[in-house]
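So this one's target-v1.cif, mmCIF, C-alpha atoms:
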```cif
data_input
loop_
_atom_site.label_atom_id
_atom_site.label_comp_id
_atom_site.auth_asym_id
_atom_site.auth_seq_id
_atom_site.Cartn_x
_atom_site.Cartn_y
_atom_site.Cartn_z
CA MET P 23 -5.44 4.22 -52.67
CA THR P 24 -1.83 3.20 -53.28
CA GLY P 25 -1.52 4.80 -56.70
CA ALA P 26 -0.80 1.44 -58.36
CA TYR P 27 -3.39 -0.07 -60.66
CA ALA P 28 -2.88 -2.93 -63.06
CA ALA P 29 -4.24 -3.02 -66.59
CA GLY P 30 -7.93 -3.84 -66.46
CA ASP P 31 -8.40 -2.66 -62.85
CA ARG P 32 -11.47 -0.56 -62.07
CA LEU P 33 -10.69 2.89 -60.68
CA PRO P 34 -12.61 4.38 -57.74
CA GLY P 35 -15.61 6.54 -58.65
CA GLU P 36 -15.43 10.29 -59.16
CA ILE P 37 -16.96 11.06 -55.76
CA GLU P 38 -14.58 8.71 -53.94
CA ILE P 39 -11.52 10.23 -55.64
CA ALA P 40 -12.76 13.77 -54.98
CA GLU P 41 -13.32 13.06 -51.29
CA LYS P 42 -10.02 11.21 -50.92
CA PHE P 43 -7.93 14.07 -52.29
CA GLY P 44 -10.15 17.02 -51.38
CA LEU P 45 -10.88 17.89 -55.02
CA ASN P 46 -13.88 19.25 -56.83
CA ARG P 47 -15.80 16.49 -58.60
CA HIS P 48 -15.66 18.39 -61.90
CA THR P 49 -11.87 18.56 -61.61
CA VAL P 50 -11.75 14.79 -61.20
CA ARG P 51 -14.07 14.32 -64.17
CA ARG P 52 -11.87 16.50 -66.39
CA ALA P 53 -8.76 14.60 -65.27
CA LEU P 54 -10.35 11.25 -66.09
CA ALA P 55 -11.51 12.57 -69.47
CA ASP P 56 -7.95 13.69 -70.22
CA LEU P 57 -6.61 10.23 -69.31
CA ALA P 58 -9.23 8.65 -71.59
CA ASP P 59 -8.22 10.96 -74.46
CA ARG P 60 -4.62 9.80 -73.98
CA GLY P 61 -5.72 6.14 -74.11
CA LEU P 62 -4.70 5.43 -70.52
CA VAL P 63 -8.18 4.63 -69.18
CA ARG P 64 -11.57 3.77 -70.64
CA ALA P 65 -15.01 4.62 -69.30
CA GLU P 66 -17.78 2.06 -69.57
CA ARG P 67 -21.28 3.41 -69.09
CA GLY P 68 -22.97 1.92 -66.07
CA SER P 69 -19.80 0.07 -65.04
CA GLY P 70 -17.00 2.53 -64.24
CA THR P 71 -13.57 3.63 -65.41
CA TYR P 72 -10.85 1.06 -66.05
CA VAL P 73 -7.11 1.16 -66.61
CA GLU P 74 -6.58 0.53 -70.31
CA THR P 75 -4.58 -2.53 -71.29
CA VAL P 76 -1.61 -2.48 -73.64
CA ARG P 77 -2.76 -4.08 -76.86
CA LEU P 78 -1.00 -7.25 -77.93
CA ALA P 79 0.36 -7.13 -81.48
CA TYR P 80 -1.15 -10.13 -83.28
CA PRO P 81 0.28 -10.71 -86.77
CA ILE P 82 -1.87 -12.33 -89.45
CA SER P 83 0.30 -14.05 -92.06
CA THR P 84 0.63 -17.30 -93.97
CA ARG P 85 1.64 -18.89 -90.67
CA THR P 86 -0.74 -17.85 -87.93
CA ARG P 87 -0.39 -19.88 -84.73
CA PHE P 88 -1.91 -18.48 -81.53
CA SER P 89 0.53 -20.22 -79.16
CA GLU P 90 3.56 -19.10 -81.17
CA ILE P 91 2.38 -15.49 -81.36
CA ILE P 92 1.62 -15.29 -77.65
CA GLY P 93 4.84 -17.08 -76.73
CA ALA P 94 6.89 -14.68 -78.88
CA ALA P 95 5.41 -11.83 -76.83
CA GLY P 96 6.74 -13.44 -73.66
CA LEU P 97 3.30 -14.53 -72.49
CA GLU P 98 1.76 -17.91 -71.70
CA ALA P 99 -0.85 -19.06 -74.20
CA SER P 100 -3.80 -21.26 -73.31
CA GLY P 101 -6.93 -22.48 -75.01
CA LYS P 102 -10.05 -23.74 -73.26
CA LEU P 103 -12.67 -25.77 -75.09
CA ILE P 104 -15.97 -24.30 -73.93
CA ALA P 105 -18.32 -26.38 -76.06
CA ASP P 106 -18.28 -28.76 -79.01
CA ARG P 107 -20.84 -30.22 -81.35
CA VAL P 108 -21.32 -31.82 -84.76
CA GLU P 109 -23.70 -30.02 -87.10
CA PRO P 110 -24.47 -29.72 -90.83
CA ALA P 111 -22.13 -27.37 -92.68
CA THR P 112 -23.70 -24.03 -93.59
CA ALA P 113 -23.20 -22.69 -97.11
CA ASP P 114 -20.35 -20.45 -95.92
CA VAL P 115 -18.51 -23.18 -93.99
CA ALA P 116 -19.04 -25.71 -96.78
CA GLN P 117 -17.56 -23.31 -99.31
CA ARG P 118 -14.52 -22.59 -97.14
CA LEU P 119 -13.81 -26.27 -96.47
CA ARG P 120 -14.83 -27.42 -99.97
CA LEU P 121 -17.56 -29.64 -98.59
CA GLU P 122 -21.09 -30.35 -99.73
CA LEU P 123 -23.82 -28.26 -98.13
CA GLY P 124 -25.01 -30.11 -95.02
CA ASP P 125 -21.92 -32.32 -94.65
CA PRO P 126 -21.20 -32.91 -90.94
CA VAL P 127 -18.61 -30.60 -89.36
CA VAL P 128 -17.07 -30.59 -85.91
CA CYS P 129 -17.50 -27.19 -84.22
CA LEU P 130 -15.10 -26.26 -81.42
CA ASP P 131 -15.92 -23.20 -79.30
CA ILE P 132 -12.60 -22.11 -77.81
CA VAL P 133 -11.58 -19.22 -75.57
CA ARG P 134 -7.90 -18.37 -76.00
CA SER P 135 -5.99 -16.47 -73.33
CA ALA P 136 -2.64 -14.78 -72.78
CA ASN P 137 -1.34 -15.01 -69.22
CA GLY P 138 -4.84 -16.00 -68.15
CA VAL P 139 -6.52 -12.98 -69.77
CA PRO P 140 -9.03 -13.98 -72.47
CA VAL P 141 -8.26 -12.25 -75.77
CA CYS P 142 -10.23 -14.28 -78.29
CA ALA P 143 -13.42 -16.34 -78.49
CA GLY P 144 -13.43 -18.47 -81.59
CA THR P 145 -15.28 -21.28 -83.32
CA SER P 146 -13.19 -23.67 -85.41
CA PHE P 147 -14.85 -25.92 -88.00
CA LEU P 148 -13.38 -29.19 -89.28
CA SER P 149 -14.82 -31.95 -91.45
CA ALA P 150 -16.31 -34.60 -89.16
CA LYS P 151 -15.49 -37.28 -91.75
CA LYS P 152 -11.80 -36.34 -91.95
CA PHE P 153 -11.33 -35.48 -88.29
CA PRO P 154 -13.54 -37.73 -86.16
CA ASP P 155 -13.19 -37.21 -82.40
CA ALA P 156 -11.48 -33.86 -83.03
CA ALA P 157 -13.15 -32.46 -79.91
CA ALA P 158 -11.71 -35.18 -77.69
CA VAL P 159 -8.27 -34.72 -79.22
CA TYR P 160 -8.38 -30.95 -78.72
CA ARG P 161 -9.60 -31.33 -75.15
CA GLU P 162 -6.51 -33.45 -74.48
CA CYS P 163 -3.87 -31.33 -76.25
CA ARG P 164 -5.53 -27.85 -76.18
CA SER P 165 -4.09 -26.87 -79.54
CA ILE P 166 -5.46 -26.85 -83.09
CA THR P 167 -1.92 -27.43 -84.41
CA ARG P 168 -1.47 -30.54 -82.26
CA THR P 169 -5.01 -31.69 -83.05
CA LEU P 170 -4.26 -31.58 -86.77
CA ALA P 171 -0.91 -33.31 -86.17
CA HIS P 172 -2.81 -36.12 -84.45
CA PHE P 173 -4.59 -36.71 -87.76
CA GLY P 174 -1.38 -36.57 -89.79
CA ILE P 175 -1.45 -32.87 -90.78
CA ARG P 176 2.08 -31.80 -89.79
CA ASP P 177 2.04 -28.42 -91.47
CA TYR P 178 -0.55 -25.99 -92.75
CA ARG P 179 -0.75 -22.36 -93.82
CA ARG P 180 -3.26 -19.54 -93.91
CA ARG P 181 -4.94 -19.28 -97.32
CA SER P 182 -7.29 -16.39 -96.63
CA THR P 183 -8.25 -13.99 -93.86
CA ARG P 184 -11.26 -11.69 -93.68
CA VAL P 185 -11.40 -9.01 -90.95
CA SER P 186 -14.47 -7.06 -89.87
CA ALA P 187 -15.91 -5.53 -86.70
CA ALA P 188 -19.06 -6.20 -84.70
CA VAL P 189 -20.71 -5.40 -81.39
CA VAL P 190 -20.01 -8.19 -78.93
CA ASP P 191 -22.97 -10.45 -78.20
CA ALA P 192 -23.98 -11.45 -74.67
CA LEU P 193 -22.28 -14.85 -74.80
CA ASP P 194 -18.93 -13.55 -76.05
CA ALA P 195 -19.10 -10.62 -73.61
CA LYS P 196 -19.32 -13.13 -70.77
CA ARG P 197 -16.56 -15.35 -72.15
CA LEU P 198 -14.20 -12.44 -72.81
CA GLY P 199 -15.12 -10.39 -69.74
CA LEU P 200 -16.31 -7.43 -71.82
CA ALA P 201 -19.01 -4.90 -71.10
CA PRO P 202 -22.12 -5.07 -73.33
CA GLY P 203 -21.83 -2.86 -76.37
CA ARG P 204 -18.07 -3.18 -76.79
CA LEU P 205 -16.64 -3.83 -80.24
CA VAL P 206 -14.79 -6.99 -81.23
CA LEU P 207 -12.58 -7.65 -84.24
CA VAL P 208 -14.01 -10.54 -86.24
CA VAL P 209 -11.45 -12.66 -88.08
CA ASP P 210 -12.56 -15.40 -90.47
CA GLY P 211 -9.66 -17.54 -91.65
CA VAL P 212 -9.14 -20.63 -93.76
CA ASP P 213 -6.09 -22.84 -93.27
CA VAL P 214 -4.93 -25.34 -95.87
CA THR P 215 -2.33 -28.09 -96.29
CA ARG P 216 0.79 -27.62 -98.41
CA ALA P 217 -1.21 -29.10 -101.27
CA GLY P 218 -3.87 -26.41 -100.81
CA LYS P 219 -6.59 -28.60 -99.30
CA PRO P 220 -8.66 -26.83 -96.60
CA VAL P 221 -8.41 -28.42 -93.17
CA VAL P 222 -9.91 -25.87 -90.75
CA THR P 223 -11.80 -22.60 -90.89
CA THR P 224 -12.17 -20.36 -87.86
CA HIS P 225 -14.58 -17.58 -86.92
CA ALA P 226 -12.71 -15.65 -84.21
CA ARG P 227 -13.73 -12.61 -82.15
CA PHE P 228 -10.90 -10.58 -80.59
CA ALA P 229 -11.27 -8.06 -77.76
CA THR P 230 -10.31 -4.74 -79.37
CA ASP P 231 -8.83 -3.33 -76.15
CA ARG P 232 -6.44 -6.27 -75.81
CA VAL P 233 -5.30 -7.07 -79.36
CA GLU P 234 -4.26 -5.17 -82.47
CA LEU P 235 -4.07 -7.11 -85.71
CA LEU P 236 -1.01 -6.75 -87.95
CA ILE P 237 -1.61 -7.92 -91.52
CA GLU P 238 1.69 -9.23 -92.91
CA SER P 239 2.29 -9.85 -96.61
#
```
As structure tokens - that is how I would like this structure written.
Amino acid sequence: MTGAYAAGDRLPGEIEIAEKFGLNRHTVRRALADLADRGLVRAERGSGTYVETVRLAYPISTRTRFSEIIGAAGLEASGKLIADRVEPATADVAQRLRLELGDPVVCLDIVRSANGVPVCAGTSFLSAKKFPDAAAVYRECRSITRTLAHFGIRDYRRRSTRVSAAVVDALDAKRLGLAPGRLVLVVDGVDVTRAGKPVVTTHARFATDRVELLIES
């Protein structure tokens, strides 16, 4: 062992550390528990102990742009379209976008990363009538802001944000590289034009060990 581990790296097991340094296994266990209490490592049952990452401060305000937030932190932002589809709007999505129940909406499943590390898995919903071929446009520009600009929406703002927590499901765990059973922060937002007309609503799931949300007034 060199003594240098990057955030997210898996540490050797208790037995390996004990044998390497000639320590009692219980001493190693107590040391790892102390590091976990200090927030420096995290233990995942059945997987191992990992170096804890420094959480990225992610402000939620009237102007919430993933690429701008990540760029301001000195990191490179990226968004990968994992899947897309057109489906009837549910009651919740229809209400957020001021559509009729069952109106067609474009659904974009996107994994957003900072310096190549996935921090958020989200689904963005847009009216299929107002934004036809939104999936193709996003796939080309990899940005919701630029996708909306393609359709003439040059500026928009956050109208509402709802934050909750949930246990990550199997699909998001795979997309975010999380162990089963980990918690995610769930952020449901609605963005509107200057005139107050809804243009996109997003159901986003953030990895709690990589992001902390800052609610700005």
Q | Result set of the PyMOL selection byres ((chain P and resi 37-54) around 9) on the coordinates above, as JSON, numbers by chain | A | {"P": [23, 33, 34, 35, 36, 55, 56, 57, 58, 59, 63, 64, 65, 71]}
Written selection (C-alpha atoms) as an mmCIF file, in the coordinates of the input:
```
data_model
loop_
_atom_site.group_PDB
_atom_site.id
_atom_site.type_symbol
_atom_site.label_atom_id
_atom_site.label_comp_id
_atom_site.auth_asym_id
_atom_site.auth_seq_id
_atom_site.Cartn_x
_atom_site.Cartn_y
_atom_site.Cartn_z
ATOM 1 C CA MET P 23 -5.440 4.220 -52.670
ATOM 2 C CA LEU P 33 -10.690 2.890 -60.680
ATOM 3 C CA PRO P 34 -12.610 4.380 -57.740
ATOM 4 C CA GLY P 35 -15.610 6.540 -58.650
ATOM 5 C CA GLU P 36 -15.430 10.290 -59.160
ATOM 6 C CA ALA P 55 -11.510 12.570 -69.470
ATOM 7 C CA ASP P 56 -7.950 13.690 -70.220
ATOM 8 C CA LEU P 57 -6.610 10.230 -69.310
ATOM 9 C CA ALA P 58 -9.230 8.650 -71.590
ATOM 10 C CA ASP P 59 -8.220 10.960 -74.460
ATOM 11 C CA VAL P 63 -8.180 4.630 -69.180
ATOM 12 C CA ARG P 64 -11.570 3.770 -70.640
ATOM 13 C CA ALA P 65 -15.010 4.620 -69.300
ATOM 14 C CA THR P 71 -13.570 3.630 -65.410
#
```
Find the residues around Arg85 in chain P up to 7 Å (only C-alpha atoms counted), leave out those fewer than 2 positions away in its own chain, and share them as a PyMOL selection string. chain P and resi 83+87+179-180
Exercise. Find the residues around Pro126 in chain P up to 7 Å (all atoms listed in the file counted), leave out those fewer than 4 positions away in its own chain, and share them as a list in words.
Key: Val108, Glu109, Pro110, Ala111, Ser149 and Ala150 of chain P
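You will find CA of Arg77 in chain P at 5.9 Å from CA of Glu234 in chain P.
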At most 12 Å is the cut-off: for each residue in range 81-109 of chain P with any atom that close to an atom of range 184-198 of chain P, write down the nearest atom pair and the distance in Å rounded to one decimal, counting only C-alpha atoms, chain first then increasing number, as JSON lines.
```
{"residue": "P:Ile82", "atom": "CA", "partner": "P:Val185", "partner_atom": "CA", "distance": 10.2}
{"residue": "P:Ser83", "atom": "CA", "partner": "P:Arg184", "partner_atom": "CA", "distance": 11.9}
{"residue": "P:Lys102", "atom": "CA", "partner": "P:Arg197", "partner_atom": "CA", "distance": 10.7}
{"residue": "P:Leu103", "atom": "CA", "partner": "P:Arg197", "partner_atom": "CA", "distance": 11.5}
{"residue": "P:Ile104", "atom": "CA", "partner": "P:Arg197", "partner_atom": "CA", "distance": 9.1}
{"residue": "P:Ala105", "atom": "CA", "partner": "P:Arg197", "partner_atom": "CA", "distance": 11.8}
```
Working from the structure I just supplied, which lacks atoms in range 162-181 of chain P, can you model N, CA and C atoms there and output them as an mmCIF file, in the coordinates of the input?
```
data_model
loop_
_atom_site.group_PDB
_atom_site.id
_atom_site.type_symbol
_atom_site.label_atom_id
_atom_site.label_comp_id
_atom_site.auth_asym_id
_atom_site.auth_seq_id
_atom_site.Cartn_x
_atom_site.Cartn_y
_atom_site.Cartn_z
ATOM 1 N N GLU P 162 -7.706 -32.846 -75.059
ATOM 2 C CA GLU P 162 -6.510 -33.450 -74.480
ATOM 3 C C GLU P 162 -5.281 -32.585 -74.713
ATOM 4 N N CYS P 163 -5.116 -32.046 -75.919
ATOM 5 C CA CYS P 163 -3.870 -31.330 -76.250
ATOM 6 C C CYS P 163 -4.006 -29.807 -76.221
ATOM 7 N N ARG P 164 -5.248 -29.291 -76.269
ATOM 8 C CA ARG P 164 -5.530 -27.850 -76.180
ATOM 9 C C ARG P 164 -4.803 -27.036 -77.252
ATOM 10 N N SER P 165 -4.767 -27.553 -78.447
ATOM 11 C CA SER P 165 -4.090 -26.870 -79.540
ATOM 12 C C SER P 165 -4.636 -27.379 -80.874
ATOM 13 N N ILE P 166 -5.013 -26.455 -81.757
ATOM 14 C CA ILE P 166 -5.460 -26.850 -83.090
ATOM 15 C C ILE P 166 -4.300 -27.475 -83.857
ATOM 16 N N THR P 167 -3.100 -26.898 -83.719
ATOM 17 C CA THR P 167 -1.920 -27.430 -84.410
ATOM 18 C C THR P 167 -1.667 -28.881 -84.012
ATOM 19 N N ARG P 168 -1.708 -29.166 -82.714
ATOM 20 C CA ARG P 168 -1.470 -30.540 -82.260
ATOM 21 C C ARG P 168 -2.646 -31.449 -82.602
ATOM 22 N N THR P 169 -3.852 -30.893 -82.644
ATOM 23 C CA THR P 169 -5.010 -31.690 -83.050
ATOM 24 C C THR P 169 -4.859 -32.140 -84.494
ATOM 25 N N LEU P 170 -4.470 -31.216 -85.370
ATOM 26 C CA LEU P 170 -4.260 -31.580 -86.770
ATOM 27 C C LEU P 170 -3.109 -32.568 -86.916
ATOM 28 N N ALA P 171 -2.048 -32.385 -86.114
ATOM 29 C CA ALA P 171 -0.910 -33.310 -86.170
ATOM 30 C C ALA P 171 -1.345 -34.714 -85.787
ATOM 31 N N HIS P 172 -2.282 -34.813 -84.858
ATOM 32 C CA HIS P 172 -2.810 -36.120 -84.450
ATOM 33 C C HIS P 172 -3.402 -36.863 -85.639
ATOM 34 N N PHE P 173 -3.968 -36.111 -86.582
ATOM 35 C CA PHE P 173 -4.590 -36.710 -87.760
ATOM 36 C C PHE P 173 -3.655 -36.711 -88.968
ATOM 37 N N GLY P 174 -2.363 -36.471 -88.728
ATOM 38 C CA GLY P 174 -1.380 -36.570 -89.790
ATOM 39 C C GLY P 174 -1.086 -35.283 -90.540
ATOM 40 N N ILE P 175 -1.707 -34.162 -90.134
ATOM 41 C CA ILE P 175 -1.450 -32.870 -90.780
ATOM 42 C C ILE P 175 -0.321 -32.184 -90.008
ATOM 43 N N ARG P 176 0.912 -32.314 -90.509
ATOM 44 C CA ARG P 176 2.080 -31.800 -89.790
ATOM 45 C C ARG P 176 2.342 -30.326 -90.053
ATOM 46 N N ASP P 177 1.810 -29.826 -91.152
ATOM 47 C CA ASP P 177 2.040 -28.420 -91.470
ATOM 48 C C ASP P 177 0.838 -27.884 -92.241
ATOM 49 N N TYR P 178 0.542 -26.637 -92.031
ATOM 50 C CA TYR P 178 -0.550 -25.990 -92.750
ATOM 51 C C TYR P 178 -0.279 -24.491 -92.791
ATOM 52 N N ARG P 179 -0.977 -23.800 -93.666
ATOM 53 C CA ARG P 179 -0.750 -22.360 -93.820
ATOM 54 C C ARG P 179 -2.086 -21.639 -93.988
ATOM 55 N N ARG P 180 -2.059 -20.342 -93.758
ATOM 56 C CA ARG P 180 -3.260 -19.540 -93.910
ATOM 57 C C ARG P 180 -3.480 -19.204 -95.383
ATOM 58 N N ARG P 181 -4.633 -19.585 -95.924
ATOM 59 C CA ARG P 181 -4.940 -19.280 -97.320
ATOM 60 C C ARG P 181 -5.641 -17.941 -97.456
#
```
